[in-house]
Structures are given as structure tokens and as C-alpha cells.
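S.K.: Hey, dropping input.txt in here, compact mmCIF, C-alpha atoms and all ligand atoms:
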```txt
# COMPACT_ATOMS: atom_id res chain seq x y z
CA MET A 1 -53.20 124.88 118.67
CA PRO A 2 -55.54 123.14 121.07
CA TYR A 3 -58.66 123.55 118.91
CA HIS A 4 -57.21 123.71 115.45
CA TYR A 5 -59.28 122.19 112.67
CA ALA A 6 -57.46 121.56 109.41
CA TYR A 7 -58.93 120.33 106.14
CA GLY A 8 -57.04 118.35 103.52
CA LEU A 9 -59.28 117.61 100.57
CA TYR A 10 -62.35 119.75 101.19
CA VAL A 11 -64.62 119.17 98.21
CA TYR A 12 -68.22 120.29 98.51
CA PRO A 13 -69.77 120.12 95.03
CA TYR A 14 -73.26 119.35 96.36
CA TYR A 15 -75.18 119.07 93.05
CA HIS A 16 -72.40 118.39 90.57
CA GLN A 17 -72.87 115.15 88.72
CA LYS A 18 -69.23 114.49 87.85
CA VAL A 19 -66.52 114.97 90.43
CA ASN A 20 -62.91 113.87 89.97
CA VAL A 21 -60.61 113.98 93.00
CA ILE A 22 -57.55 112.10 91.82
CA GLY A 23 -53.83 111.93 92.54
CA ASN A 24 -53.53 114.51 95.33
CA HIS A 25 -51.09 114.48 98.22
CA VAL A 26 -52.29 115.65 101.65
CA ASP A 27 -49.98 116.35 104.61
CA LEU A 28 -51.84 117.02 107.86
CA GLN A 29 -49.78 117.16 111.04
CA ASN A 30 -50.37 118.17 114.67
CA ASN A 31 -53.93 119.39 114.39
CA TYR A 32 -56.70 119.07 116.93
CA TYR A 33 -58.86 117.67 114.13
CA GLY A 34 -57.35 116.58 110.85
CA TYR A 35 -60.15 116.38 108.33
CA PHE A 36 -58.20 114.63 105.62
CA ALA A 37 -61.20 114.22 103.29
CA TYR A 38 -64.42 116.15 103.59
CA THR A 39 -67.04 116.07 100.90
CA TYR A 40 -70.73 115.99 100.25
CA ASN A 41 -72.90 115.47 97.20
CA SER A 42 -76.66 115.11 97.03
CA GLY A 43 -76.16 112.35 94.44
CA GLY A 44 -74.46 110.10 96.98
CA THR A 45 -71.29 108.34 95.86
CA THR A 46 -72.34 108.06 92.21
CA PRO A 47 -70.87 111.37 90.98
CA TYR A 48 -67.40 110.67 92.32
CA THR A 49 -64.22 109.35 90.87
CA TRP A 50 -62.09 109.70 94.00
CA ASP A 51 -58.90 107.67 93.97
CA TYR A 52 -55.10 107.60 93.96
CA ASN A 53 -54.82 110.23 96.69
CA ASN A 54 -52.15 109.96 99.37
CA TYR A 55 -52.69 111.14 102.94
CA TYR A 56 -49.99 111.69 105.55
CA LEU A 57 -51.66 112.02 108.95
CA LYS A 58 -49.37 112.51 111.92
CA GLY A 59 -49.84 113.88 115.40
CA ASN A 60 -53.47 114.91 114.92
CA GLY A 61 -55.78 114.59 117.93
CA THR A 62 -58.39 113.04 115.66
CA ASN A 63 -58.17 111.96 112.05
CA TYR A 64 -61.52 112.27 110.37
CA ALA A 65 -63.05 111.91 106.94
CA TYR A 66 -66.62 112.68 105.95
CA GLY A 67 -68.55 111.84 102.82
CA PRO A 68 -71.90 110.61 101.46
CA ALA A 69 -70.96 107.01 102.26
CA GLY A 70 -70.13 107.71 105.90
CA THR A 71 -67.34 108.85 108.16
CA ALA A 72 -63.90 107.41 108.74
CA ALA A 73 -61.08 107.70 111.26
CA SER A 74 -58.25 106.39 109.09
CA VAL A 75 -57.37 106.06 105.43
CA GLN A 76 -58.32 102.38 105.50
CA ASP A 77 -61.68 103.25 107.06
CA TRP A 78 -62.12 105.84 104.34
CA ILE A 79 -61.51 103.23 101.63
CA ASN A 80 -63.92 100.90 103.42
CA THR A 81 -66.76 103.43 103.11
CA GLY A 82 -66.73 102.63 99.40
CA LEU A 83 -66.69 106.23 98.21
CA PRO A 84 -63.06 106.27 97.09
CA GLY A 85 -61.31 103.64 95.03
CA THR A 86 -58.91 101.15 96.49
CA HIS A 87 -55.74 103.02 95.43
CA GLU A 88 -55.89 105.59 98.22
CA THR A 89 -52.67 105.41 100.27
CA ALA A 90 -51.07 106.62 103.48
CA ILE A 91 -47.40 106.65 102.51
CA PRO A 92 -45.05 108.92 104.50
CA PRO A 93 -43.55 111.58 102.24
CA THR A 94 -39.97 112.54 101.66
CA TYR A 95 -39.77 116.01 100.20
CA LYS A 96 -37.06 117.27 97.91
CA ASP A 97 -36.12 120.28 100.04
CA GLU A 98 -38.64 121.00 102.77
CA ALA A 99 -36.48 123.75 104.35
CA LYS A 100 -36.60 125.71 101.11
CA GLY A 101 -40.28 125.07 100.59
CA ASP A 102 -39.80 122.51 97.84
CA PHE A 103 -42.43 119.90 98.55
CA SER A 104 -41.78 117.80 95.46
CA LEU A 105 -42.13 114.19 96.49
CA ASN A 106 -39.16 111.84 96.38
CA VAL A 107 -41.10 108.66 96.95
CA PHE A 108 -40.89 105.66 94.62
CA GLU A 109 -44.32 104.33 95.64
CA LEU A 110 -45.95 107.59 94.54
CA GLN A 111 -44.19 107.74 91.18
CA ASN A 112 -45.89 107.04 87.85
CA LYS A 113 -48.96 105.61 89.47
CA VAL A 114 -51.98 107.69 88.48
CA PRO A 115 -53.62 106.60 85.22
CA LYS A 116 -55.08 109.10 82.82
CA PHE A 117 -58.67 110.07 83.33
CA ASN A 118 -60.84 111.79 80.79
CA SER A 119 -61.50 115.45 81.29
CA LEU A 120 -64.89 116.31 82.72
CA HIS A 121 -64.95 119.60 80.92
CA SER A 122 -66.85 120.15 77.70
CA TRP A 123 -64.32 122.32 75.92
CA GLY A 124 -62.00 119.43 75.28
CA GLN A 125 -58.72 120.28 76.93
CA THR A 126 -56.55 117.34 77.82
CA TRP A 127 -56.49 116.06 81.32
CA ASN A 128 -53.57 116.37 83.64
CA ASP A 129 -50.89 116.63 80.95
CA ASP A 130 -48.73 118.98 82.97
CA ASP A 131 -48.00 119.59 86.62
CA ILE A 132 -48.41 122.74 88.69
CA ASN A 133 -45.16 124.13 87.24
CA LYS A 134 -46.30 123.32 83.68
CA ASN A 135 -43.78 120.51 83.40
CA ASP A 136 -44.94 117.54 81.39
CA ARG A 137 -46.56 114.70 83.27
CA ASN A 138 -45.55 111.15 82.47
CA PRO A 139 -47.78 110.41 79.46
CA VAL A 140 -48.99 107.04 80.72
CA ARG A 141 -49.15 107.23 84.49
CA SER A 142 -48.34 110.42 86.35
CA ASP A 143 -47.08 111.01 89.89
CA VAL A 144 -49.21 111.56 92.95
CA GLY A 145 -49.05 115.20 94.04
CA ALA A 146 -48.72 118.56 92.35
CA PHE A 147 -45.21 118.05 91.00
CA GLU A 148 -44.15 115.53 88.38
CA GLY A 149 -40.82 114.00 89.37
CA TYR A 150 -38.30 112.13 87.27
CA MET A 151 -37.95 108.48 88.22
CA ASN A 152 -35.61 106.29 86.25
CA ILE A 153 -34.31 102.73 86.36
CA THR A 154 -31.67 101.75 83.83
CA GLY A 155 -30.95 98.46 82.08
CA VAL A 156 -27.14 98.32 82.18
CA LYS A 157 -26.15 95.00 80.61
CA SER A 158 -26.87 91.32 80.31
CA ASP A 159 -24.35 88.52 80.76
CA ALA A 160 -26.56 86.15 78.80
CA THR A 161 -25.68 85.04 75.27
CA VAL A 162 -27.72 83.57 72.48
CA PRO A 163 -26.04 80.51 70.94
CA ALA A 164 -25.14 80.60 67.29
CA GLN A 165 -27.38 77.66 66.49
CA VAL A 166 -30.79 77.66 68.08
CA CYS A 167 -32.58 74.34 67.93
CA SER A 168 -36.29 74.01 68.46
CA GLY A 169 -36.98 73.94 72.16
CA HIS A 170 -33.83 75.76 73.15
CA GLN A 171 -34.13 77.19 76.63
CA PHE A 172 -32.59 80.62 76.98
CA GLU A 173 -31.47 81.67 80.43
CA GLY A 174 -31.75 85.42 80.77
CA ASP A 175 -30.43 88.01 83.16
CA ILE A 176 -30.25 91.76 83.33
CA THR A 177 -28.20 94.10 85.48
CA ILE A 178 -30.24 97.11 86.48
CA LEU A 179 -29.20 100.42 88.01
CA ASN A 180 -31.37 102.50 90.30
CA SER A 181 -31.02 105.97 88.78
CA TYR A 182 -33.69 107.44 91.10
CA THR A 183 -33.34 109.18 94.46
CA ASP A 184 -35.37 106.64 96.45
CA THR A 185 -35.20 102.88 96.91
CA VAL A 186 -36.92 100.98 94.09
CA TYR A 187 -38.55 97.53 94.17
CA GLY A 188 -41.61 95.67 92.99
CA PHE A 189 -41.36 96.62 89.31
CA ASN A 190 -41.05 94.19 86.41
CA VAL A 191 -38.30 93.08 84.09
CA THR A 192 -39.17 91.31 80.85
CA MET A 193 -37.35 89.25 78.28
CA MET A 194 -38.84 88.44 74.92
CA SER A 195 -37.81 87.14 71.54
CA ASP A 196 -38.90 88.40 68.17
CA ARG A 197 -40.53 85.00 67.71
CA GLY A 198 -43.17 85.70 70.34
CA ALA A 199 -41.84 84.15 73.53
CA LYS A 200 -42.06 86.44 76.54
CA ILE A 201 -41.41 86.19 80.26
CA THR A 202 -42.05 88.90 82.83
CA GLN A 203 -40.78 88.76 86.37
CA ALA A 204 -41.16 91.08 89.37
CA VAL A 205 -38.02 92.46 91.02
CA LYS A 206 -38.77 92.06 94.71
CA ASP A 207 -35.34 92.98 96.07
CA ARG A 208 -34.91 96.56 97.18
CA ILE A 209 -32.28 98.51 95.27
CA LEU A 210 -30.84 101.58 96.96
CA PRO A 211 -30.31 104.83 95.02
CA GLY A 212 -27.25 104.51 92.80
CA ALA A 213 -26.97 100.76 93.37
CA SER A 214 -27.07 97.99 90.79
CA LEU A 215 -28.55 94.53 90.90
CA LYS A 216 -28.20 91.53 88.62
CA VAL A 217 -31.53 89.83 88.20
CA LYS A 218 -31.73 86.29 86.87
CA PHE A 219 -34.99 85.14 85.36
CA ASP A 220 -36.46 82.15 87.18
CA GLU A 221 -38.10 80.87 84.02
CA LYS A 222 -36.36 80.14 80.77
CA LEU A 223 -37.37 81.51 77.42
CA PHE A 224 -38.26 78.75 74.97
CA LEU A 225 -36.92 79.43 71.49
CA ASN A 226 -38.80 77.22 69.10
CA GLU A 227 -37.56 78.26 65.71
CA PHE A 228 -34.22 77.79 64.09
CA GLY A 229 -32.42 80.78 62.72
CA LYS A 230 -31.70 84.33 63.58
CA THR A 231 -33.19 85.18 66.91
CA ASN A 232 -33.32 88.58 68.54
CA ILE A 233 -33.90 88.85 72.23
CA MET A 234 -34.69 91.94 74.22
CA ILE A 235 -34.29 92.11 77.97
CA PHE A 236 -35.62 95.25 79.56
CA VAL A 237 -36.65 97.18 82.63
CA ASP A 238 -40.45 97.05 82.45
CA ALA A 239 -41.23 99.70 85.04
CA GLY A 240 -43.03 102.45 83.12
CA ASP A 241 -40.51 104.98 84.41
CA ASP A 242 -39.76 108.47 83.07
CA ASN A 243 -37.00 107.43 80.66
CA LEU A 244 -37.81 104.48 78.44
CA SER A 245 -34.77 104.92 76.21
CA ASP A 246 -32.27 103.32 78.61
CA ASP A 247 -34.25 100.23 79.56
CA THR A 248 -33.44 97.64 76.95
CA ILE A 249 -30.55 95.27 76.29
CA TYR A 250 -30.60 93.68 72.84
CA LEU A 251 -29.14 90.26 72.16
CA ALA A 252 -28.99 88.49 68.83
CA ASN A 253 -27.37 85.55 67.13
CA ARG A 254 -26.35 84.99 63.52
CA GLY A 255 -25.88 88.58 62.54
CA ILE A 256 -25.94 92.07 63.80
CA ALA A 257 -29.16 93.94 63.20
CA SER A 258 -27.95 97.47 63.44
CA THR A 259 -25.42 99.67 65.15
CA ARG A 260 -28.10 100.81 67.54
CA TRP A 261 -27.97 97.47 69.26
CA ARG A 262 -25.91 97.15 72.37
CA ASN A 263 -24.36 93.94 73.67
CA VAL A 264 -24.84 92.21 70.37
CA TYR A 265 -23.36 88.76 70.14
CA SER A 266 -22.48 87.49 66.71
CA PHE A 267 -21.65 83.85 66.15
CA ILE A 268 -21.34 83.70 62.40
CA CA A 301 -42.74 110.67 87.34
CA CA A 302 -35.49 103.78 82.35
```
Please express the file's structure as C-alpha cells.

M.R.:
Amino acid sequence: MPYHYAYGLYVYPYYHQKVNVIGNHVDLQNNYYGYFAYTYNSGGTTPYTWDYNNYYLKGNGTNYAYGPAGTAASVQDWINTGLPGTHETAIPPTYKDEAKGDFSLNVFELQNKVPKFNSLHSWGQTWNDDDINKNDRNPVRSDVGAFEGYMNITGVKSDATVPAQVCSGHQFEGDITILNSYTDTVYGFNVTMMSDRGAKITQAVKDRILPGASLKVKFDEKLFLNEFGKTNIMIFVDAGDDNLSDDTIYLANRGIASTRWRNVYSFI
């Protein structure tokens, strides 16, 4: 294909005043010219919300993007033109089953990332609530690409205990063991511990956890418990994943709140 020109996101709305190009995945390989983004609008950059797209550009003779704010030869150049937002990425994809034509993405960095945007249409349908197969999107932040994938991290247990008597100023040392229930390595998400008295500490998990592996995370900071009496503490995976029901470990002292609570410590 010595003179093959391939277009990724070719969007030529010309006079349209509202243009959303959000959350797409582009794979352009081995082309003479790989036009990964190509757009024009007579209103300049103003009509666009163009962000959260991922571009995989490999083996092209020339990578090229064109828009009202200028041209670009790489994804970073493209961001630098100022037309797109700063969440455009160039993350290599792993597909679920490329040989069988299943191009669902198995990439943690592209999971649950795209925030909801209001529909531009006047007839009031909701925006981006389902994927190309009519499967539900994550209701808060959806995946990049046409297919919504299921990404899950599980809170397994905590070895921490809440003492029976909490004095004002007690410093609680928290930990949580988490399980990577997803098919790609996970990292860079948050864990949080908080009491029902208002104290809260959030910490990023920087270590990489392989699929199926567990990690015990200790909180660097301690939770200050300032009030005497029954204290409930929750420690949870704070990752905005696709299953929020398996994130939280509940700890309590001086009484058991309900049978729904796991790892409850009673010191009556
Ligand atoms: Ca997802
Ligand atoms: Ca989860």
C-alpha cells in the first residue's frame, strides 16, 4: 500500500455550531498517510467538544491531523493545537479477541474514564447510556471506544481493628487487601477510609497489581477519631469501577450494626 491514505476521525461539519467528538478509539497501522483526526468548521475551534479520544498510530509513513487550529504530526502535537481537550491519549490497545474480530478493549487506562456529556440533540434522548451493542455504559464514567467493558477491583478484607474504647484523638491505622478482578494490570486508583464521625483519608494505590493478584495496602496517614462511643469505619476501593457492591469493608466497635456488615469487630 505505497500510497494508502487512511482516515481515523474524519469529521467535517463545516457550519455546525455544536460538535461532540468524545471517547472514540482509533487504530491506524501501516498506512502511507494516517490521518488520525481530520476536521474543519467555519466557526473555528469554538463549536467543538473534542476530547477523551485514544489514537493508536503504528507503522504509518506519516501521522497527520488537521483542524481549524492547525495541523499536527502526533497526538501530543494535536493536543497542543488547542482544538481538543487535554485527555486525548495514545495508549496501545489490547483487544479481547482480535482473531475473531472482537475489538473490545482490555485496557485499564481506557476504562471508566469518559465523563457524561449533555446531548446536543433537541429531542431529549440521553447521551451515551449504552454502547454499540446496547449494553449499559457505566453510569458515571464510561469506557473509551465502542464497547463498554467490565472492570472490577474488589475490597477483600482489612486486618485493622477498632478498639472497644475510643478516646478523643485516637489514631486509627487502616489497611485494606484488594483483589484485581479485571483482565489487565490496575494501578493509580484510590482507596479511602472514613468514619461515620466525618474523618476521611484517601490514598492513591501506585503499585501495579496483576490480573487475579491481591495487594495489602496500608494507609500512610492515620484516621483521627475524636469522639467517644460507637464508631463505624468503612475502608473501600475508591476506583469508580463497574461493580461498587464489592468495594467496602466495614469495621465497628461497641456493637454490630447489621448482618450486612462484614469483618465486624465487637468488643462489648
Ligand atoms: Ca467499564
Ligand atoms: Ca469493585

S.K.: Nearest residue to Asp247 in chain A out of A:Lys157, A:Lys200, A:Lys222, A:Arg208, using only C-alpha atoms?

M.R.: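 Closest residue, counting only C-alpha atoms: A:Lys157.
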
S.K.: Within 10 Å of ligand CA 301 (chain A), counting only C-alpha atoms and all ligand atoms: which residues, as a PyMOL selection string?

M.R.: chain A and resi 105-108+110-114+136-144+147-152+240-243

S.K.: Write out as a ChimeraX atom specification the residues lying within 6 Å of range 54-67 of chain A, counting only C-alpha atoms and excluding same-chain residues fewer than 4 positions away.

M.R.: /A:25-40,71-73,88-90,92

S.K.: Return as an NGL selection string the residues of protein, DNA or RNA that approach ligand CA 302 (chain A) to within 12 Å, with all atoms listed in the file taken into account.

M.R.: :A and (150-156 or 178-182 or 189-191 or 236-249)

S.K.: Residues within 7 Å of (-33.8, 90.8, 84.3), file coordinates, counting only C-alpha atoms: what are they? Give the list as a list of chain:residue names.

M.R.: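 Every polymer residue passing the test: A:Gly174, A:Asp175, A:Ile176, A:Thr177, A:Val191, A:Thr192, A:Val217, A:Lys218, A:Phe219, A:Ile235, A:Phe236.
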
S.K.: So that I can check the surroundings of Ile209 in chain A, please list as a list in words every protein, DNA and RNA residue that reaches within 9 Å of it, counting all atoms listed in the file and ignoring chain neighbours fewer than 3 positions away.

M.R.: Leu179, Asn180, Asp184, Thr185, Val186, Tyr187, Gly212, Ala213, Ser214 and Leu215 of chain A

S.K.: The residues within 10 Å of (-40.2, 84.6, 78.4), using all atoms listed in the file and the coordinates of the file, should be reported as a ChimeraX atom specification; which are they?

M.R.: /A:171-174,192-195,198-203,219-225,233,235
